[in-house]
There are 4 protein chains.
Amino acid sequence: MINFECDYTEGAHPRILEALIKTNFEQTSGYGKDAYCEAAREKIKAVCETPDADVHFLVGGTQTNTTVLSALLRPYQGAISATEGHIATHETGAIEATGHKVLTLPCENGKITADEIEAYCAAHYASGTSEHTVQPGAVYLTFPTECGTIYTKAELAAIRRACDAYDLPLFLDGARLGYGLADPNCDLTLPELASLCDIFYIGGTKCGAFFGEAVVIRNAKYKKDFRYFIKRHGGMFAKGRLLGIQFGVLFEDGLYFDICRHAVEQALRIRKAFASRGVEFFGQSMTNQQFPILTEAQVNYFAADYLPEYWGPAADGKKIMRFCTSWATKDEAVDKLVADIAKMPV
Amino acid sequence: MINFECDYTEGAHPRILEALIKTNFEQTSGYGKDAYCEAAREKIKAVCETPDADVHFLVGGTQTNTTVLSALLRPYQGAISATEGHIATHETGAIEATGHKVLTLPCENGKITADEIEAYCAAHYASGTSEHTVQPGAVYLTFPTECGTIYTKAELAAIRRACDAYDLPLFLDGARLGYGLADPNCDLTLPELASLCDIFYIGGTKCGAFFGEAVVIRNAKYKKDFRYFIKRHGGMFAKGRLLGIQFGVLFEDGLYFDICRHAVEQALRIRKAFASRGVEFFGQSMTNQQFPILTEAQVNYFAADYLPEYWGPAADGKKIMRFCTSWATKDEAVDKLVADIAKMPV
Amino acid sequence: MINFECDYTEGAHPRILEALIKTNFEQTSGYGKDAYCEAAREKIKAVCETPDADVHFLVGGTQTNTTVLSALLRPYQGAISATEGHIATHETGAIEATGHKVLTLPCENGKITADEIEAYCAAHYASGTSEHTVQPGAVYLTFPTECGTIYTKAELAAIRRACDAYDLPLFLDGARLGYGLADPNCDLTLPELASLCDIFYIGGTKCGAFFGEAVVIRNAKYKKDFRYFIKRHGGMFAKGRLLGIQFGVLFEDGLYFDICRHAVEQALRIRKAFASRGVEFFGQSMTNQQFPILTEAQVNYFAADYLPEYWGPAADGKKIMRFCTSWATKDEAVDKLVADIAKMPV
Amino acid sequence: MINFECDYTEGAHPRILEALIKTNFEQTSGYGKDAYCEAAREKIKAVCETPDADVHFLVGGTQTNTTVLSALLRPYQGAISATEGHIATHETGAIEATGHKVLTLPCENGKITADEIEAYCAAHYASGTSEHTVQPGAVYLTFPTECGTIYTKAELAAIRRACDAYDLPLFLDGARLGYGLADPNCDLTLPELASLCDIFYIGGTKCGAFFGEAVVIRNAKYKKDFRYFIKRHGGMFAKGRLLGIQFGVLFEDGLYFDICRHAVEQALRIRKAFASRGVEFFGQSMTNQQFPILTEAQVNYFAADYLPEYWGPAADGKKIMRFCTSWATKDEAVDKLVADIAKMPV
């Protein structure tokens, strides 16, 4: 059985394991104040070309989203998100648990637009009773989105301008950032992306690490007392160096980018195989998640040897299935899948 | 420089590292639904003699305390804790962040008593305006306490009865549970301790794991929907198996108990060495944390080669210092410290 | 200028004022423990035919919604509401402020249906990752709805069955309850309505009182410690008797029903006048709020002498306007409006 | 039976009732945007000599404390308060409900000192792990305190300096402000008091109104979006003009000060009567609350004709009783009590 369910089915990249073995009996202080964290922060600032940024390491995505939004928003404000955004759908109300509403905008192909954001804010402030409704206080984007698509440089720049017009910080959830940057159509570099955001994070959990998300705070306004937020949300990791060690390895010699590119290449082989059989897709992902729309018979055909994820219903009784690759996906696994796609029933 | 600052200065026990290496490329589902977690749950239920308990794995202590208390308390209730309890002092208001007040009772030697709990509850309900004050809704204990002491079987049983009298769940924070059970004066077995609590956790982070806390829910009343609480608090660990693998190793062949006993033996060697030089202690810890009260000169003497933690001021300008051992503390490190204590200035 | 903006433009019904004058120098205990509150509770239980209910008095609607939902929901649960429901749109995130997501269902004519509720719950529990999303924990209805419509007996009974199927309490926001019951097509009596809800409230603020909402808790499960919730939400009114006195008057000799019927009669005169000029309406309200869709010229025509509320845009550049009557609306004011409608430009 | 239980046993001052009667059928917009509120705001700014302040009207004290502190504090911050402060003891955790810890300082005679505040803040920032504890974010004082005492000009100025040293807003809870200013030893004028606070409120509920608290925001930093906070906390009163009308009357011709002075004069007559019989007092209140310490026999003696409030136990089996006067206390009631004190058993 080959598991394509998600991008966290394996452990960590072997170079990370090696680093953990090598450092295991060193003694360091806790809570991210060690030299490994410091070195990883420097590498991340260098690769993002954000020398003045603050970098913090957290354990997982929901924790990171909650902590960051809690720091960005005033109590009566909410975060603008796509209806399908992770904070709007898959975090058991963790954002609401900190008192904030998620303000959802309809999305196409997973993305929201600068125009939608501006229209939403304009309508809020035009109302004679603005204070009876939640004030938009930040914009939350995922890159890539829940359906694997990415924002172009022009789209992100337009959203940046909309944010500036309404004094909204722009927060980009990069749980799969590496896979987004590896999209062959991506016209954004990491420094360009960084320069357009106030705060964003670089996902480790889904991109080669055992766990970990690196939050980059570019806008000085949001740096103050961020460690208090981390601790208050239960995210102050005792053996903080484990995060530093992992990110240190990922950002050594471009490893992060290499392994993410590998994952996307494998995903696009799967995409091509399905497309050549006339299969249609949900969304237009060119990243590591592929969403072919399959018949019941096809779903059953693959169930024998593969574990994709059921994503939702489609027209005509068909099903959207998610095939997810990762840094750990083996070429041979994809070779076999591609061969089986070629033989699947139509 | 030898670090005695805390019990999370190193990585993980070598057998844990081996298990992570061995399983690294296996594919499993996420979020704790894998076979490693399942096996670890069974081991923990067996060792606690709680066959009907639910066991959940979380990443760290503050996260666990918040998640558990959020599940135990109604919104208008608070948790009774020692004034020095971890939730009252060292979690940046994480409990308050979920809307609950910590109701503190003065403690002696780190411990609160059944009588204090009963008196507090009696006073609450005797008031004509009970509903103007926070209702006591749970009792929170640490074992060992912040100053390294432990509750006796009789003390814990009395607290259990006080809880029953006021319908309060008893929650025991066992971030250092193994070290408490290794106290030579401990008259509680793990099954006995488990039988007296509604819910407790077995700390991994400070006791041999890279990270992880195992929550044991004995009282069926609190089992329902606990995974929702975990996710809502950002504690649903994506690669859940890492927690299962670690706890599986710790509870194989009694490893957890062996390594904790080792730590306590080393700590008691340090205690004996200080005591033999006439040093007095803060509290009466017989566990892995020792709190000698040292003169400025003595503090400076040790600063050359050792890193203890400054704990607070004592009388006559002296300082309470914490020397903390762990599963990873080397015999030679303690040999050297003991030898240096013998030569310390008086 | 005649104000039809809302139903709280005047003070209180004269009989309420008289009662306040008469009792002004009596001395009573605070916080709703006085004889006036007790008498009002008995009257409300009698008129609702809920002898075993608990009745509590709060000051305003948002406060009441927040307090009640906080008592009904577990932390990881949300309240199902129409997209246009008051808690979803006009309370500045007060529900989210207590940690709960509002789970919105699309509504037609302001109403949600039993089928929608069942489908939503079924989908939640069918998911393999239910615990990653907010669990539906209560159903919130407004009666009448935001657009003035009401649920029929059959619709409400069906929703009750859906609630039972998923163990959801049914909470009915009756800020304008009297106006709903006065809808000429209403086939529900107050006791019938009460028997279908777990908890509901009878609005005073918009129906003749200076202020006040009477919460009726029919389901014993939700009675416990409700006064703690009130106090915690800042709703424990010091001079509680003011609420008891007001509700005592409203439920003496059917005053509440009489004055609400008056308001609806006036509103239907306005409706008829607009309809006879060929004006269309937003929604199909037969209660005290009427939403004619007017041209810009018509809006300007009325602006000279009347103050309706702008409700939102309609097709073809038209505007939805709200004309709201109340217990205090004078016949002559409506006479004049009706006459002016007859002369309005087409 | 004469009730001295509290200062909210009667309705409202007759001039307030008259104003409500007179305006009852006027039509105004809701939510505090009417001319009565505007006029009351101007009067309050004039009497406080704070022409640039913002003034908002809320309904009650707990609601006001929660709303204000929610606006002053960042999520990881807490409010410094006396151990006996209202927010620390009598609000069912309403502050914690908004996520904030109350940081208590021991108080003498109800008051905390500038030195204590500075020492607390200094200790917080001196710690190497400040971010593991709640950051002090505001200072909360009551004037008069829970035991009826007041701060002197020098004490308040010193606290102001301590606040400035640590960038803490100073918030003064004036639920009984008028009674404090009427203390014969008070050396502060209202403008002086206002000039030392960032934000404070003038209590109406206990000082002549049916209900209402007037929040004065002097520091421009805290003015922004305050109405969102009010609405989010359920405090946006629909018929806002009722608050404006009441405060308009209270601040016409010095009524507020006159009626509060009356209450204090009556209280001091009671104090003098008890003192002349050798009775001792809890605290040193010279305001409208008096706390004689009585024997069981004395308590029973008064129970026949009077309703004071039991405040707590004192030494030797005695009891602290609270006798509270108000704007509504009749001279004859105090005449009778004074006469009975003269005859009480010793």
# chains A, B, ... in the order shown; residues from 1 in each chain; ligands from 1
call {"tool": "select_by_dssp", "arguments": {"residues": "region 43-84 of chain C", "states": "alpha helix (DSSP H)", "output": "ChimeraX atom specification"}}
result
/C:43-48,61-72
call {"tool": "write_last_selection", "arguments": {"atoms": "all heavy atoms", "output": "CSV table (one decimal), in the first residue's frame"}}
result
chain,number,residue,atom,x,y,z
C,43,LYS,N,-45.5,35.4,36.4
C,43,LYS,CA,-46.4,35.8,35.3
C,43,LYS,C,-45.9,35.2,34.0
C,43,LYS,O,-46.7,34.7,33.2
C,43,LYS,CB,-46.5,37.3,35.2
C,43,LYS,CG,-47.3,37.9,36.3
C,43,LYS,CD,-47.3,39.4,36.1
C,43,LYS,CE,-48.0,40.1,37.3
C,43,LYS,NZ,-47.8,41.6,37.3
C,44,ILE,N,-44.6,35.3,33.8
C,44,ILE,CA,-44.1,34.8,32.5
C,44,ILE,C,-44.2,33.3,32.4
C,44,ILE,O,-44.6,32.7,31.4
C,44,ILE,CB,-42.6,35.3,32.4
C,44,ILE,CG1,-42.6,36.7,32.1
C,44,ILE,CG2,-41.9,34.5,31.3
C,44,ILE,CD1,-41.2,37.4,32.1
C,45,LYS,N,-43.9,32.6,33.5
C,45,LYS,CA,-44.1,31.1,33.5
C,45,LYS,C,-45.6,30.8,33.2
C,45,LYS,O,-45.9,29.8,32.5
C,45,LYS,CB,-43.6,30.5,34.8
C,45,LYS,CG,-42.1,30.6,34.9
C,45,LYS,CD,-41.6,29.7,36.0
C,45,LYS,CE,-41.8,30.3,37.4
C,45,LYS,NZ,-41.2,29.5,38.5
C,46,ALA,N,-46.5,31.5,33.8
C,46,ALA,CA,-47.9,31.3,33.6
C,46,ALA,C,-48.3,31.5,32.1
C,46,ALA,O,-48.9,30.6,31.5
C,46,ALA,CB,-48.7,32.1,34.5
C,47,VAL,N,-47.9,32.6,31.6
C,47,VAL,CA,-48.3,32.9,30.2
C,47,VAL,C,-47.6,32.0,29.2
C,47,VAL,O,-48.2,31.7,28.1
C,47,VAL,CB,-48.0,34.4,29.9
C,47,VAL,CG1,-46.5,34.7,29.7
C,47,VAL,CG2,-48.8,34.9,28.7
C,48,CYS,N,-46.4,31.4,29.6
C,48,CYS,CA,-45.8,30.5,28.7
C,48,CYS,C,-46.2,29.0,29.0
C,48,CYS,O,-45.8,28.1,28.2
C,48,CYS,CB,-44.2,30.6,28.9
C,48,CYS,SG,-43.5,32.1,28.3
C,61,GLY,N,-30.1,42.6,24.0
C,61,GLY,CA,-30.1,41.4,23.2
C,61,GLY,C,-28.7,40.8,23.0
C,61,GLY,O,-28.6,39.5,23.1
C,62,THR,N,-27.7,41.5,22.6
C,62,THR,CA,-26.4,41.0,22.4
C,62,THR,C,-25.9,40.3,23.6
C,62,THR,O,-25.3,39.2,23.6
C,62,THR,CB,-25.4,42.1,21.9
C,62,THR,OG1,-25.9,42.5,20.6
C,62,THR,CG2,-24.0,41.5,21.7
C,63,GLN,N,-26.1,41.0,24.8
C,63,GLN,CA,-25.7,40.4,26.1
C,63,GLN,C,-26.4,39.1,26.3
C,63,GLN,O,-25.8,38.1,26.8
C,63,GLN,CB,-26.1,41.4,27.1
C,63,GLN,CG,-25.7,41.1,28.5
C,63,GLN,CD,-26.2,42.2,29.4
C,63,GLN,OE1,-27.4,42.1,29.8
C,63,GLN,NE2,-25.4,43.2,29.8
C,64,THR,N,-27.6,39.0,26.0
C,64,THR,CA,-28.4,37.8,26.2
C,64,THR,C,-28.0,36.7,25.3
C,64,THR,O,-27.7,35.6,25.7
C,64,THR,CB,-29.9,38.1,26.0
C,64,THR,OG1,-30.3,39.2,26.9
C,64,THR,CG2,-30.7,36.9,26.3
C,65,ASN,N,-27.8,37.0,24.0
C,65,ASN,CA,-27.3,36.0,23.1
C,65,ASN,C,-26.0,35.4,23.5
C,65,ASN,O,-25.8,34.2,23.5
C,65,ASN,CB,-27.2,36.5,21.7
C,65,ASN,CG,-28.5,36.8,21.0
C,65,ASN,OD1,-29.5,36.1,21.4
C,65,ASN,ND2,-28.6,37.7,20.1
C,66,THR,N,-25.1,36.2,23.9
C,66,THR,CA,-23.7,35.8,24.3
C,66,THR,C,-23.8,34.9,25.6
C,66,THR,O,-23.2,33.9,25.7
C,66,THR,CB,-22.8,37.0,24.6
C,66,THR,OG1,-23.0,37.9,23.5
C,66,THR,CG2,-21.4,36.6,24.7
C,67,THR,N,-24.6,35.4,26.5
C,67,THR,CA,-24.7,34.7,27.8
C,67,THR,C,-25.3,33.3,27.6
C,67,THR,O,-24.8,32.3,28.1
C,67,THR,CB,-25.5,35.5,28.8
C,67,THR,OG1,-24.9,36.8,28.9
C,67,THR,CG2,-25.6,34.9,30.2
C,68,VAL,N,-26.4,33.3,26.9
C,68,VAL,CA,-27.1,32.0,26.7
C,68,VAL,C,-26.2,31.0,25.9
C,68,VAL,O,-26.0,29.9,26.3
C,68,VAL,CB,-28.4,32.2,25.9
C,68,VAL,CG1,-29.0,30.9,25.5
C,68,VAL,CG2,-29.4,32.9,26.8
C,69,LEU,N,-25.6,31.5,24.8
C,69,LEU,CA,-24.8,30.5,24.0
C,69,LEU,C,-23.6,30.1,24.8
C,69,LEU,O,-23.2,28.9,24.6
C,69,LEU,CB,-24.4,31.2,22.7
C,69,LEU,CG,-25.6,31.2,21.7
C,69,LEU,CD1,-25.3,32.0,20.4
C,69,LEU,CD2,-26.1,29.8,21.3
C,70,SER,N,-23.1,30.9,25.6
C,70,SER,CA,-21.9,30.5,26.4
C,70,SER,C,-22.4,29.4,27.4
C,70,SER,O,-21.6,28.5,27.7
C,70,SER,CB,-21.5,31.8,27.2
C,70,SER,OG,-20.3,31.5,27.9
C,71,ALA,N,-23.6,29.4,27.8
C,71,ALA,CA,-24.1,28.4,28.7
C,71,ALA,C,-24.5,27.1,27.9
C,71,ALA,O,-24.4,26.0,28.5
C,71,ALA,CB,-25.3,28.9,29.5
C,72,LEU,N,-24.8,27.2,26.7
C,72,LEU,CA,-25.3,26.0,25.9
C,72,LEU,C,-24.1,25.2,25.3
C,72,LEU,O,-24.2,24.0,25.2
C,72,LEU,CB,-26.2,26.4,24.8
C,72,LEU,CG,-27.5,27.1,25.2
C,72,LEU,CD1,-28.3,27.4,23.9
C,72,LEU,CD2,-28.4,26.3,26.1
call {"tool": "closest_atom_pairs", "arguments": {"of": "region 5-111 of chain A", "to": "region 272-286 of chain A", "cutoff": "9 Å", "atoms": "only C-alpha atoms", "output": "JSON lines"}}
result
{"residue": "A:Glu108", "atom": "CA", "partner": "A:Gly283", "partner_atom": "CA", "distance": 8.6}
{"residue": "A:Asn109", "atom": "CA", "partner": "A:Gly283", "partner_atom": "CA", "distance": 5.2}
{"residue": "A:Gly110", "atom": "CA", "partner": "A:Gly283", "partner_atom": "CA", "distance": 7.5}
call {"tool": "closest_atom_pairs", "arguments": {"of": "chain D", "to": "chain C", "cutoff": "7 Å", "atoms": "only C-alpha atoms", "output": "Markdown table"}}
result
| residue | atom | partner | partner_atom | distance |
| --- | --- | --- | --- | --- |
| D:Asn3 | CA | C:Gln27 | CA | 6.5 |
| D:Tyr8 | CA | C:Lys239 | CA | 6.1 |
| D:Thr9 | CA | C:Gln27 | CA | 4.8 |
| D:Glu10 | CA | C:Gln27 | CA | 5.1 |
| D:Gly11 | CA | C:Asn24 | CA | 4.6 |
| D:Ala12 | CA | C:Asn24 | CA | 6.7 |
| D:Asn24 | CA | C:Gly11 | CA | 4.6 |
| D:Phe25 | CA | C:Glu10 | CA | 5.3 |
| D:Glu26 | CA | C:Glu10 | CA | 5.8 |
| D:Gln27 | CA | C:Thr9 | CA | 4.8 |
| D:Thr28 | CA | C:Thr9 | CA | 5.1 |
| D:Ser29 | CA | C:Thr9 | CA | 5.9 |
| D:Gly30 | CA | C:Thr9 | CA | 6.6 |
| D:Gly60 | CA | C:Phe237 | CA | 7.0 |
| D:Thr62 | CA | C:Gly234 | CA | 5.1 |
| D:Gln63 | CA | C:Gly234 | CA | 4.3 |
| D:Glu91 | CA | C:Arg232 | CA | 6.2 |
| D:Thr92 | CA | C:Arg232 | CA | 5.0 |
| D:Gly93 | CA | C:Arg232 | CA | 6.1 |
| D:Ala94 | CA | C:Arg232 | CA | 4.6 |
| D:Tyr228 | CA | C:Thr92 | CA | 6.7 |
| D:Lys231 | CA | C:Thr92 | CA | 6.2 |
| D:Arg232 | CA | C:Ala94 | CA | 4.6 |
| D:His233 | CA | C:Ala94 | CA | 6.3 |
| D:Gly234 | CA | C:Gln63 | CA | 4.3 |
| D:Phe237 | CA | C:Gly60 | CA | 7.0 |
| D:Ala238 | CA | C:Tyr8 | CA | 6.9 |
| D:Lys239 | CA | C:Tyr8 | CA | 6.1 |
call {"tool": "atom_distance", "arguments": {"atom1": "CA of Lys318 (chain B)", "atom2": "CA of Ala82 (chain B)"}}
result
24.9 Å
call {"tool": "decode", "arguments": {"residues": "region 178-248 of chain B", "atoms": "C-alpha atoms", "output": "PDB file, in the first residue's frame"}}
result
ATOM      1  CA  GLY B 178       8.834   9.794  36.741  1.00  0.00           C
ATOM      2  CA  TYR B 179      11.120  11.786  38.997  1.00  0.00           C
ATOM      3  CA  GLY B 180       8.391  11.999  41.628  1.00  0.00           C
ATOM      4  CA  LEU B 181       7.809   8.259  41.617  1.00  0.00           C
ATOM      5  CA  ALA B 182      11.568   7.771  42.004  1.00  0.00           C
ATOM      6  CA  ASP B 183      11.627   9.772  45.250  1.00  0.00           C
ATOM      7  CA  PRO B 184      12.900   7.173  47.775  1.00  0.00           C
ATOM      8  CA  ASN B 185      10.149   8.224  50.183  1.00  0.00           C
ATOM      9  CA  CYS B 186       7.359   7.908  47.624  1.00  0.00           C
ATOM     10  CA  ASP B 187       4.698   5.546  48.946  1.00  0.00           C
ATOM     11  CA  LEU B 188       2.565   5.684  45.810  1.00  0.00           C
ATOM     12  CA  THR B 189       2.758   3.353  42.849  1.00  0.00           C
ATOM     13  CA  LEU B 190       1.759   4.625  39.440  1.00  0.00           C
ATOM     14  CA  PRO B 191      -1.498   2.575  39.483  1.00  0.00           C
ATOM     15  CA  GLU B 192      -2.333   3.937  42.929  1.00  0.00           C
ATOM     16  CA  LEU B 193      -1.696   7.467  41.796  1.00  0.00           C
ATOM     17  CA  ALA B 194      -3.766   6.881  38.652  1.00  0.00           C
ATOM     18  CA  SER B 195      -6.669   5.518  40.669  1.00  0.00           C
ATOM     19  CA  LEU B 196      -6.850   8.726  42.710  1.00  0.00           C
ATOM     20  CA  CYS B 197      -6.945  11.125  39.764  1.00  0.00           C
ATOM     21  CA  ASP B 198      -9.617  11.857  37.196  1.00  0.00           C
ATOM     22  CA  ILE B 199      -7.019  12.867  34.680  1.00  0.00           C
ATOM     23  CA  PHE B 200      -3.247  13.206  34.758  1.00  0.00           C
ATOM     24  CA  TYR B 201      -0.313  13.248  32.450  1.00  0.00           C
ATOM     25  CA  ILE B 202       2.992  11.493  32.200  1.00  0.00           C
ATOM     26  CA  GLY B 203       5.716  13.853  31.149  1.00  0.00           C
ATOM     27  CA  GLY B 204       8.021  12.843  28.341  1.00  0.00           C
ATOM     28  CA  THR B 205       9.791  16.119  27.531  1.00  0.00           C
ATOM     29  CA  LYS B 206      11.682  16.199  30.817  1.00  0.00           C
ATOM     30  CA  CYS B 207      11.980  12.437  31.176  1.00  0.00           C
ATOM     31  CA  GLY B 208      13.841  11.078  28.176  1.00  0.00           C
ATOM     32  CA  ALA B 209      11.821  12.058  25.117  1.00  0.00           C
ATOM     33  CA  PHE B 210      12.544  14.807  22.633  1.00  0.00           C
ATOM     34  CA  PHE B 211       9.092  16.067  23.562  1.00  0.00           C
ATOM     35  CA  GLY B 212       5.661  14.786  24.480  1.00  0.00           C
ATOM     36  CA  GLU B 213       3.159  14.444  27.322  1.00  0.00           C
ATOM     37  CA  ALA B 214       0.778  11.494  27.654  1.00  0.00           C
ATOM     38  CA  VAL B 215      -2.617  12.472  29.024  1.00  0.00           C
ATOM     39  CA  VAL B 216      -4.485   9.665  30.785  1.00  0.00           C
ATOM     40  CA  ILE B 217      -8.223  10.224  31.189  1.00  0.00           C
ATOM     41  CA  ARG B 218      -9.487   7.810  33.773  1.00  0.00           C
ATOM     42  CA  ASN B 219     -12.895   9.359  34.469  1.00  0.00           C
ATOM     43  CA  ALA B 220     -15.235   8.565  31.588  1.00  0.00           C
ATOM     44  CA  LYS B 221     -17.017  11.860  32.083  1.00  0.00           C
ATOM     45  CA  TYR B 222     -14.110  13.757  30.573  1.00  0.00           C
ATOM     46  CA  LYS B 223     -13.339  11.511  27.621  1.00  0.00           C
ATOM     47  CA  LYS B 224     -15.929  12.812  25.193  1.00  0.00           C
ATOM     48  CA  ASP B 225     -14.639  14.840  22.284  1.00  0.00           C
ATOM     49  CA  PHE B 226     -11.220  15.359  23.825  1.00  0.00           C
ATOM     50  CA  ARG B 227      -9.635  15.371  20.378  1.00  0.00           C
ATOM     51  CA  TYR B 228     -11.653  18.467  19.525  1.00  0.00           C
ATOM     52  CA  PHE B 229     -10.063  20.190  22.513  1.00  0.00           C
ATOM     53  CA  ILE B 230      -6.600  19.157  21.369  1.00  0.00           C
ATOM     54  CA  LYS B 231      -7.130  20.497  17.872  1.00  0.00           C
ATOM     55  CA  ARG B 232      -8.750  23.710  19.087  1.00  0.00           C
ATOM     56  CA  HIS B 233      -5.702  24.414  21.247  1.00  0.00           C
ATOM     57  CA  GLY B 234      -3.287  23.847  18.400  1.00  0.00           C
ATOM     58  CA  GLY B 235      -2.039  20.594  19.924  1.00  0.00           C
ATOM     59  CA  MET B 236      -3.011  18.083  17.231  1.00  0.00           C
ATOM     60  CA  PHE B 237       0.450  17.019  16.150  1.00  0.00           C
ATOM     61  CA  ALA B 238       0.572  16.234  12.425  1.00  0.00           C
ATOM     62  CA  LYS B 239       3.177  13.441  12.564  1.00  0.00           C
ATOM     63  CA  GLY B 240       1.496  11.982  15.613  1.00  0.00           C
ATOM     64  CA  ARG B 241       3.441   8.761  15.377  1.00  0.00           C
ATOM     65  CA  LEU B 242       6.539  10.562  16.649  1.00  0.00           C
ATOM     66  CA  LEU B 243       4.766  10.781  20.004  1.00  0.00           C
ATOM     67  CA  GLY B 244       3.649   7.171  19.864  1.00  0.00           C
ATOM     68  CA  ILE B 245       7.113   5.948  18.982  1.00  0.00           C
ATOM     69  CA  GLN B 246       8.708   7.878  21.830  1.00  0.00           C
ATOM     70  CA  PHE B 247       6.241   6.774  24.486  1.00  0.00           C
ATOM     71  CA  GLY B 248       6.380   3.254  23.124  1.00  0.00           C
TER      72      GLY B 248
END
